[in-house]
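Dumped target_25.tsv below, it's TSV, C-alpha atoms and all ligand atoms:
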```
chain	number	residue	atom	x	y	z
J	248	MET	CA	-4.43	23.93	26.76
J	249	MET	CA	-5.14	20.22	26.36
J	250	SER	CA	-2.09	18.05	26.04
J	251	ALA	CA	-1.78	15.58	23.19
J	252	PRO	CA	-3.06	12.09	23.97
J	253	SER	CA	-0.41	9.70	25.25
J	254	LEU	CA	0.50	6.49	23.50
J	255	THR	CA	-1.58	4.57	26.05
J	256	GLN	CA	-4.59	6.80	25.38
J	257	ARG	CA	-4.24	6.45	21.61
J	258	LEU	CA	-4.00	2.68	21.93
J	259	LYS	CA	-7.01	2.52	24.20
J	260	SER	CA	-9.16	4.67	21.96
J	261	LEU	CA	-8.14	2.67	18.87
J	262	LYS	CA	-9.06	-0.56	20.66
J	263	ASN	CA	-12.45	0.87	21.53
J	264	GLN	CA	-13.12	1.95	17.95
J	265	LEU	CA	-11.94	-1.40	16.68
J	266	ALA	CA	-14.15	-3.35	19.09
J	267	GLU	CA	-17.14	-1.29	18.05
J	268	ALA	CA	-16.45	-1.78	14.32
J	269	ALA	CA	-15.81	-5.48	14.86
J	270	SER	CA	-19.03	-6.03	16.80
J	271	LYS	CA	-21.00	-4.70	13.82
J	272	GLY	CA	-19.48	-7.44	11.71
J	273	GLY	CA	-20.06	-9.95	14.49
J	274	SER	CA	-16.46	-11.04	14.82
J	275	GLU	CA	-13.37	-10.22	16.81
J	276	VAL	CA	-10.48	-8.33	15.32
J	277	THR	CA	-6.93	-8.70	16.57
J	278	LEU	CA	-4.81	-5.58	16.68
J	279	VAL	CA	-1.17	-5.98	15.70
J	280	ALA	CA	0.64	-2.86	16.89
J	281	VAL	CA	3.22	-2.10	14.22
J	282	SER	CA	6.23	-0.93	16.20
J	283	LYS	CA	8.87	-0.77	13.44
J	284	THR	CA	11.45	2.03	13.96
J	285	LYS	CA	10.07	2.70	17.45
J	286	PRO	CA	12.19	2.43	20.61
J	287	ASP	CA	11.75	-0.32	23.19
J	288	ALA	CA	10.24	2.18	25.64
J	289	ASP	CA	7.26	2.77	23.33
J	290	LEU	CA	6.60	-0.94	23.04
J	291	MET	CA	6.85	-1.32	26.80
J	292	GLU	CA	4.30	1.42	27.31
J	293	ALA	CA	1.84	-0.55	25.15
J	294	TYR	CA	2.90	-3.76	26.89
J	295	HIS	CA	2.13	-2.33	30.32
J	296	SER	CA	-1.36	-1.44	29.15
J	297	GLY	CA	-1.82	-5.15	28.37
J	298	HIS	CA	-0.91	-5.29	24.70
J	299	ARG	CA	0.97	-8.36	23.45
J	300	ASP	CA	0.86	-8.45	19.62
J	301	PHE	CA	3.57	-6.43	17.89
J	302	GLY	CA	4.53	-6.25	14.22
J	303	GLU	CA	7.98	-5.62	12.78
J	304	ASN	CA	9.14	-5.59	9.17
J	305	ARG	CA	12.92	-5.84	9.54
J	306	VAL	CA	14.56	-9.01	10.74
J	307	GLN	CA	17.35	-7.43	12.75
J	308	GLU	CA	14.98	-5.12	14.53
J	309	LEU	CA	12.54	-7.94	15.36
J	310	VAL	CA	15.31	-10.19	16.66
J	311	GLY	CA	16.86	-7.39	18.73
J	312	LYS	CA	13.57	-6.40	20.32
J	313	ALA	CA	12.52	-10.01	20.88
J	314	SER	CA	15.74	-10.74	22.74
J	315	ARG	CA	15.44	-7.64	24.96
J	316	LEU	CA	11.70	-7.48	25.66
J	317	PRO	CA	9.35	-9.79	27.62
J	318	THR	CA	9.05	-13.31	26.24
J	319	ASP	CA	5.25	-13.37	26.27
J	320	ILE	CA	5.12	-10.83	23.42
J	321	ARG	CA	3.75	-12.30	20.18
J	322	TRP	CA	5.98	-11.11	17.33
J	323	HIS	CA	4.44	-10.75	13.87
J	324	MET	CA	6.80	-10.62	10.90
J	325	ILE	CA	4.92	-8.33	8.53
J	326	GLY	CA	7.65	-7.30	6.09
J	327	HIS	CA	8.90	-8.53	2.77
J	328	ILE	CA	10.99	-11.63	3.46
J	329	GLN	CA	14.54	-12.20	2.32
J	330	THR	CA	15.04	-15.94	2.38
J	331	ASN	CA	18.60	-15.80	3.75
J	332	LYS	CA	17.26	-14.14	6.93
J	333	ILE	CA	14.47	-16.60	7.68
J	334	LYS	CA	16.59	-18.65	10.07
J	335	ASP	CA	17.29	-15.54	12.16
J	336	PHE	CA	13.71	-14.60	12.97
J	337	LEU	CA	12.11	-18.04	12.99
J	338	PRO	CA	12.86	-18.90	16.65
J	339	PHE	CA	11.07	-15.73	17.80
J	340	VAL	CA	8.13	-15.41	15.47
J	341	HIS	CA	4.47	-16.00	16.33
J	342	LEU	CA	3.00	-15.47	12.86
J	343	VAL	CA	4.63	-14.80	9.48
J	344	HIS	CA	2.38	-12.51	7.43
J	345	GLY	CA	4.34	-11.87	4.25
J	346	VAL	CA	4.70	-15.30	2.62
J	347	ASP	CA	4.56	-14.11	-0.96
J	348	ARG	CA	6.38	-16.65	-3.15
J	349	LEU	CA	7.26	-20.34	-3.37
J	350	LYS	CA	10.89	-19.76	-2.50
J	351	VAL	CA	9.79	-18.34	0.88
J	352	LEU	CA	7.63	-21.42	1.53
J	353	GLN	CA	10.56	-23.69	0.68
J	354	VAL	CA	13.08	-21.96	2.91
J	355	LEU	CA	10.58	-21.57	5.75
J	356	GLN	CA	9.95	-25.32	5.59
J	357	LYS	CA	13.64	-26.15	5.59
J	358	GLU	CA	14.45	-23.91	8.55
J	359	ALA	CA	11.32	-24.85	10.54
J	360	ALA	CA	12.25	-28.53	10.19
J	361	LYS	CA	15.75	-27.81	11.49
J	362	ILE	CA	14.43	-26.28	14.70
J	363	GLU	CA	11.56	-28.81	14.85
J	364	ARG	CA	8.82	-26.22	14.99
J	365	GLN	CA	5.44	-25.75	13.36
J	366	ILE	CA	5.31	-22.25	11.92
J	367	ASP	CA	2.04	-20.38	11.43
J	368	ILE	CA	1.89	-18.43	8.20
J	369	LEU	CA	-0.34	-16.17	6.13
J	370	LEU	CA	-0.13	-16.11	2.36
J	371	GLN	CA	0.26	-12.59	1.03
J	372	VAL	CA	-1.87	-11.77	-1.99
J	373	HIS	CA	-1.23	-8.98	-4.47
J	374	ILE	CA	-4.50	-7.03	-4.55
J	375	ALA	CA	-3.27	-3.46	-5.10
J	376	LYS	CA	-2.82	-1.64	-8.38
J	377	GLU	CA	0.77	-0.75	-7.49
J	378	SER	CA	3.28	-3.14	-9.01
J	379	THR	CA	5.68	-2.36	-6.16
J	380	LYS	CA	3.55	-4.31	-3.70
J	381	PHE	CA	4.27	-7.98	-3.13
J	382	GLY	CA	2.22	-11.15	-3.04
J	383	PHE	CA	0.89	-14.13	-4.95
J	384	ALA	CA	-1.38	-13.30	-7.86
J	385	PRO	CA	-4.91	-14.69	-7.31
J	386	GLU	CA	-4.28	-17.39	-9.98
J	387	GLU	CA	-1.12	-18.50	-8.17
J	388	LEU	CA	-3.05	-18.63	-4.91
J	389	HIS	CA	-5.71	-20.88	-6.43
J	390	HIS	CA	-2.91	-23.10	-7.66
J	391	LEU	CA	-1.56	-23.35	-4.10
J	392	ALA	CA	-4.98	-24.20	-2.72
J	393	ASP	CA	-4.42	-27.90	-3.12
J	394	SER	CA	-3.80	-29.86	0.05
J	395	LYS	CA	-1.54	-32.32	-1.82
J	396	LYS	CA	0.99	-29.55	-2.46
J	397	TRP	CA	1.28	-28.93	1.28
J	398	GLU	CA	2.81	-32.35	1.81
J	399	ASP	CA	6.00	-30.60	0.72
J	400	TYR	CA	5.68	-28.20	3.66
J	401	PRO	CA	4.83	-30.38	6.66
J	402	ASN	CA	6.11	-27.86	9.23
J	403	LEU	CA	3.99	-24.96	7.97
J	404	ARG	CA	0.40	-24.20	8.92
J	405	PRO	CA	-1.49	-21.91	6.52
J	406	LEU	CA	-3.92	-19.97	8.71
J	407	GLY	CA	-5.09	-17.24	6.37
J	408	LEU	CA	-4.32	-14.44	3.95
J	409	MET	CA	-2.69	-11.03	4.15
J	410	GLY	CA	-2.92	-8.11	1.77
J	411	MET	CA	-2.39	-4.39	1.35
J	412	ALA	CA	-4.72	-2.10	-0.56
J	413	THR	CA	-3.50	0.55	-2.96
J	414	LEU	CA	-2.41	3.77	-1.29
J	415	THR	CA	-5.18	6.01	-2.58
J	416	ASP	CA	-7.98	8.30	-1.40
J	417	ASP	CA	-10.43	6.41	-3.57
J	418	GLN	CA	-12.48	4.57	-0.92
J	419	ASP	CA	-14.35	2.54	-3.55
J	420	GLN	CA	-11.14	1.16	-4.92
J	421	ILE	CA	-9.88	0.23	-1.44
J	422	ARG	CA	-13.22	-1.42	-0.72
J	423	ARG	CA	-13.11	-3.44	-3.95
J	424	GLU	CA	-9.59	-4.64	-3.20
J	425	PHE	CA	-10.49	-5.74	0.33
J	426	GLU	CA	-13.66	-7.42	-0.93
J	427	SER	CA	-11.66	-9.39	-3.47
J	428	LEU	CA	-9.19	-10.52	-0.79
J	429	SER	CA	-12.02	-11.49	1.51
J	430	SER	CA	-13.70	-13.57	-1.15
J	431	LEU	CA	-10.40	-15.29	-2.04
J	432	HIS	CA	-9.98	-16.04	1.67
J	433	THR	CA	-13.30	-17.88	1.69
J	434	GLN	CA	-12.62	-19.74	-1.57
J	435	VAL	CA	-9.13	-21.05	-0.85
J	436	GLY	CA	-10.03	-21.64	2.81
J	437	LEU	CA	-12.16	-24.61	1.80
J	438	GLU	CA	-9.02	-26.47	0.79
J	439	LEU	CA	-6.32	-24.82	2.92
J	440	GLY	CA	-8.52	-25.19	5.98
J	441	LYS	CA	-8.09	-28.96	5.66
J	442	VAL	CA	-4.32	-28.54	5.88
J	443	ALA	CA	-4.55	-26.25	8.90
J	444	LYS	CA	-6.97	-28.60	10.63
J	445	ALA	CA	-4.88	-31.72	9.99
J	446	ARG	CA	-2.03	-29.84	11.67
J	447	GLY	CA	-3.99	-28.91	14.76
J	448	SER	CA	-5.12	-25.40	13.94
J	449	SER	CA	-7.71	-23.69	11.81
J	450	TRP	CA	-8.03	-21.40	8.81
J	451	GLY	CA	-9.56	-18.00	9.48
J	452	ILE	CA	-7.09	-15.13	9.73
J	453	LEU	CA	-7.59	-12.29	7.28
J	454	SER	CA	-4.84	-9.73	7.90
J	455	MET	CA	-5.87	-6.50	6.18
J	456	GLY	CA	-6.12	-2.87	7.24
J	457	MET	CA	-3.58	-0.27	8.40
J	458	SER	CA	-3.87	3.18	10.04
J	459	GLY	CA	-5.43	4.76	6.96
J	460	ASP	CA	-7.84	2.05	5.87
J	461	TRP	CA	-8.62	-0.32	8.75
J	462	PRO	CA	-12.32	0.69	9.05
J	463	VAL	CA	-12.94	-0.33	5.43
J	464	ALA	CA	-10.98	-3.53	6.01
J	465	VAL	CA	-13.01	-4.47	9.09
J	466	GLU	CA	-16.27	-3.79	7.24
J	467	ASN	CA	-15.10	-6.28	4.66
J	468	GLY	CA	-14.21	-9.12	6.97
J	469	SER	CA	-10.74	-8.38	8.30
J	470	THR	CA	-9.90	-10.35	11.47
J	471	MET	CA	-6.48	-8.79	12.03
J	472	VAL	CA	-5.38	-5.21	11.46
J	473	ARG	CA	-1.79	-3.97	11.41
J	474	VAL	CA	-1.71	-0.45	12.76
J	475	GLY	CA	1.42	1.60	13.38
J	476	SER	CA	1.31	5.37	13.07
J	477	SER	CA	-2.12	5.82	14.71
J	478	ILE	CA	-0.64	4.32	17.87
J	479	PHE	CA	3.04	5.24	17.86
J	480	GLY	CA	2.98	8.42	15.78
J	481	HIS	CA	4.72	9.04	12.48
J	482	ARG	CA	7.90	7.23	11.60
J	483	ASN	CA	11.08	8.88	10.39
J	484	ARG	CA	12.05	5.91	8.29
J	485	PRO	CA	9.69	5.36	5.38
J	486	ALA	CA	7.96	2.01	5.14
J	487	PRO	CA	9.71	-0.09	2.48
G	1	LIG	C1	4.21	-0.24	8.28
G	1	LIG	C2	3.22	-1.28	7.97
G	1	LIG	C3	1.93	-1.23	8.52
G	1	LIG	C4	1.44	-0.12	9.42
G	1	LIG	O1	1.31	1.08	8.72
G	1	LIG	P1	0.61	2.37	9.38
G	1	LIG	O2	0.14	3.13	8.21
G	1	LIG	O3	1.67	3.06	10.16
G	1	LIG	O4	-0.49	1.91	10.25
G	1	LIG	C5	1.06	-2.28	8.22
G	1	LIG	N1	1.42	-3.29	7.42
G	1	LIG	C6	2.64	-3.37	6.87
G	1	LIG	C7	2.96	-4.53	6.01
G	1	LIG	C8	3.58	-2.36	7.12
G	1	LIG	O5	4.79	-2.45	6.56
```
Can you turn what I pasted into structure tokens?
Ligand SMILES: *Cc1c(COP(=O)(O)O)cnc(C)c1O
Amino acid sequence: MMSAPSLTQRLKSLKNQLAEAASKGGSEVTLVAVSKTKPDADLMEAYHSGHRDFGENRVQELVGKASRLPTDIRWHMIGHIQTNKIKDFLPFVHLVHGVDRLKVLQVLQKEAAKIERQIDILLQVHIAKESTKFGFAPEELHHLADSKKWEDYPNLRPLGLMGMATLTDDQDQIRREFESLSSLHTQVGLELGKVAKARGSSWGILSMGMSGDWPVAVENGSTMVRVGSSIFGHRNRPAP
């Protein structure tokens, strides 16, 4: 009997598939391994195979893992953000994916200034049909795509967009949602790219695609996928 593939084997095969899909689109795709609910040992197995980008959606869990695990791990905050917890994760975070409302921008700015850091962020856009998903509406995003407004947030660097497609089997719908996010990314990037550049970085991250839909996301221009269960197996705690 063949034994089930190990975590290392699943990670390796996913990376191969991802590299192949990405090369068709002519770009590189970063894999964020979504390790929420998973024990330190699982993360360390991925770490020992060379992986460094991990995603968490709960502040306490991210902070706990970041303080126990190697300091060269890049921690991605991918969850819905409660503003009173921003100060807790900010010292550890590499990239904040879920910036979905003005209040989050304001508190991020305030706390980033306190610790004198530049914080890299992605603006989350609401592209799904489900009203339970978070994010700026496309009109709100266009409104934010004005470099003048970013003078209020001097410690933040907008590097791209993040979005989640509707949870559905309808591949056409998923494709349409990713296409719309990708086209918004190009449109607002003209203006937000100026802000990123003036602050020493560049616009270009498009964080879309999870275990169930990453191939469609990559076909439509994703540069960063957030994959959990295909690497670490199913979670007991449901995703919020
Ligand atoms: C949990 C989660 C993922 C990963 O989901 P999988 O289906 O396990 O790959 C990706 N993005 C966000 C925002 C999540 O909360």
Margin query: I'd like the interatomic distance between CA of Leu370 in chain J and CA of Ile421 in chain J, to a tenth of an Å.
Written below: 19.4 Å
Item checked: Contacts of range 301-314 of chain J within 12 Å, all atoms listed in the file, excl. fewer than 4 positions in-chain, as a ChimeraX atom specification -> /J:277-291,293-294,297,318-345,454,457,471-475,478-479,484-487
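Separating CA of Ala375 in chain J from CA of Arg422 in chain J is a distance of 11.1 Å.
In this model, the gap between CA of Val442 in chain J and atom C4 of ligand LIG 1 (chain G) comes to 29.2 Å.
Nearest to ligand LIG 1 (chain G) of all the residues J:Glu363, J:Glu386, J:Asp300, J:Asp460 is J:Asp460, based on only C-alpha atoms and all ligand atoms.
Comparing the minimum interatomic distances between Thr470 in chain J and each of J:Ile368, J:Ala443, J:Met409, J:Leu352, counting only C-alpha atoms, we find that J:Met409 sits nearest.
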Next item on the list: Find the residues around range 437-441 of chain J up to 12 Å (only C-alpha atoms counted), leave out those fewer than 4 positions away in its own chain, and share them as a PyMOL selection string.
Entry: chain J and resi 368-370+388-398+403-408+430-433+445-452
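Comparing J:Gly382, J:Gly468, J:Gly456, J:Gly436 by their smallest distance to ligand LIG 1 (chain G), the closest is J:Gly456 (using only C-alpha atoms and all ligand atoms).
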Could I get range 421-443 of chain J rebuilt with N, CA, C and O atoms, written as an mmCIF file, keeping the file's coordinate frame?
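Written output follows (selection_8.cif):
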```cif
data_model
loop_
_atom_site.group_PDB
_atom_site.id
_atom_site.type_symbol
_atom_site.label_atom_id
_atom_site.label_comp_id
_atom_site.auth_asym_id
_atom_site.auth_seq_id
_atom_site.Cartn_x
_atom_site.Cartn_y
_atom_site.Cartn_z
ATOM 1 N N ILE J 421 -10.363 0.954 -2.615
ATOM 2 C CA ILE J 421 -9.880 0.230 -1.440
ATOM 3 C C ILE J 421 -10.889 -0.853 -1.052
ATOM 4 O O ILE J 421 -10.536 -1.999 -0.779
ATOM 5 N N ARG J 422 -12.173 -0.471 -1.073
ATOM 6 C CA ARG J 422 -13.220 -1.420 -0.720
ATOM 7 C C ARG J 422 -13.220 -2.624 -1.676
ATOM 8 O O ARG J 422 -13.282 -3.770 -1.247
ATOM 9 N N ARG J 423 -13.122 -2.338 -2.973
ATOM 10 C CA ARG J 423 -13.110 -3.440 -3.950
ATOM 11 C C ARG J 423 -11.933 -4.379 -3.717
ATOM 12 O O ARG J 423 -12.054 -5.598 -3.810
ATOM 13 N N GLU J 424 -10.774 -3.799 -3.402
ATOM 14 C CA GLU J 424 -9.590 -4.640 -3.200
ATOM 15 C C GLU J 424 -9.754 -5.521 -1.959
ATOM 16 O O GLU J 424 -9.427 -6.711 -1.982
ATOM 17 N N PHE J 425 -10.272 -4.939 -0.879
ATOM 18 C CA PHE J 425 -10.490 -5.740 0.330
ATOM 19 C C PHE J 425 -11.574 -6.791 0.116
ATOM 20 O O PHE J 425 -11.463 -7.917 0.611
ATOM 21 N N GLU J 426 -12.607 -6.426 -0.634
ATOM 22 C CA GLU J 426 -13.660 -7.420 -0.930
ATOM 23 C C GLU J 426 -13.079 -8.597 -1.699
ATOM 24 O O GLU J 426 -13.420 -9.749 -1.438
ATOM 25 N N SER J 427 -12.198 -8.294 -2.659
ATOM 26 C CA SER J 427 -11.660 -9.390 -3.470
ATOM 27 C C SER J 427 -10.777 -10.287 -2.609
ATOM 28 O O SER J 427 -10.801 -11.515 -2.746
ATOM 29 N N LEU J 428 -10.029 -9.701 -1.671
ATOM 30 C CA LEU J 428 -9.190 -10.520 -0.790
ATOM 31 C C LEU J 428 -10.057 -11.385 0.126
ATOM 32 O O LEU J 428 -9.776 -12.562 0.351
ATOM 33 N N SER J 429 -11.136 -10.775 0.610
ATOM 34 C CA SER J 429 -12.020 -11.490 1.510
ATOM 35 C C SER J 429 -12.677 -12.674 0.798
ATOM 36 O O SER J 429 -12.811 -13.773 1.362
ATOM 37 N N SER J 430 -13.042 -12.469 -0.448
ATOM 38 C CA SER J 430 -13.700 -13.570 -1.150
ATOM 39 C C SER J 430 -12.683 -14.671 -1.508
ATOM 40 O O SER J 430 -12.993 -15.863 -1.418
ATOM 41 N N LEU J 431 -11.448 -14.285 -1.825
ATOM 42 C CA LEU J 431 -10.400 -15.290 -2.040
ATOM 43 C C LEU J 431 -10.160 -16.106 -0.761
ATOM 44 O O LEU J 431 -9.951 -17.326 -0.803
ATOM 45 N N HIS J 432 -10.198 -15.399 0.365
ATOM 46 C CA HIS J 432 -9.980 -16.040 1.670
ATOM 47 C C HIS J 432 -11.008 -17.150 1.903
ATOM 48 O O HIS J 432 -10.675 -18.236 2.380
ATOM 49 N N THR J 433 -12.252 -16.868 1.539
ATOM 50 C CA THR J 433 -13.300 -17.880 1.690
ATOM 51 C C THR J 433 -13.079 -19.033 0.711
ATOM 52 O O THR J 433 -13.163 -20.206 1.089
ATOM 53 N N GLN J 434 -12.781 -18.690 -0.542
ATOM 54 C CA GLN J 434 -12.620 -19.740 -1.570
ATOM 55 C C GLN J 434 -11.476 -20.690 -1.255
ATOM 56 O O GLN J 434 -11.668 -21.906 -1.193
ATOM 57 N N VAL J 435 -10.276 -20.147 -1.045
ATOM 58 C CA VAL J 435 -9.130 -21.050 -0.850
ATOM 59 C C VAL J 435 -9.161 -21.686 0.536
ATOM 60 O O VAL J 435 -8.532 -22.719 0.769
ATOM 61 N N GLY J 436 -9.913 -21.089 1.456
ATOM 62 C CA GLY J 436 -10.030 -21.640 2.810
ATOM 63 C C GLY J 436 -10.677 -23.006 2.838
ATOM 64 O O GLY J 436 -10.423 -23.803 3.749
ATOM 65 N N LEU J 437 -11.507 -23.299 1.846
ATOM 66 C CA LEU J 437 -12.160 -24.610 1.800
ATOM 67 C C LEU J 437 -11.101 -25.714 1.743
ATOM 68 O O LEU J 437 -11.215 -26.738 2.406
ATOM 69 N N GLU J 438 -10.071 -25.468 0.956
ATOM 70 C CA GLU J 438 -9.020 -26.470 0.790
ATOM 71 C C GLU J 438 -7.892 -26.285 1.822
ATOM 72 O O GLU J 438 -7.450 -27.246 2.457
ATOM 73 N N LEU J 439 -7.444 -25.052 1.999
ATOM 74 C CA LEU J 439 -6.320 -24.820 2.920
ATOM 75 C C LEU J 439 -6.729 -25.050 4.373
ATOM 76 O O LEU J 439 -5.899 -25.373 5.218
ATOM 77 N N GLY J 440 -8.026 -24.901 4.640
ATOM 78 C CA GLY J 440 -8.520 -25.190 5.980
ATOM 79 C C GLY J 440 -8.316 -26.644 6.380
ATOM 80 O O GLY J 440 -8.102 -26.954 7.545
ATOM 81 N N LYS J 441 -8.336 -27.540 5.381
ATOM 82 C CA LYS J 441 -8.090 -28.960 5.660
ATOM 83 C C LYS J 441 -6.651 -29.163 6.142
ATOM 84 O O LYS J 441 -6.388 -29.979 7.021
ATOM 85 N N VAL J 442 -5.736 -28.422 5.502
ATOM 86 C CA VAL J 442 -4.320 -28.540 5.880
ATOM 87 C C VAL J 442 -4.123 -28.017 7.300
ATOM 88 O O VAL J 442 -3.495 -28.673 8.142
ATOM 89 N N ALA J 443 -4.695 -26.846 7.567
ATOM 90 C CA ALA J 443 -4.550 -26.250 8.900
ATOM 91 C C ALA J 443 -5.133 -27.186 9.959
ATOM 92 O O ALA J 443 -4.527 -27.406 11.017
#
```
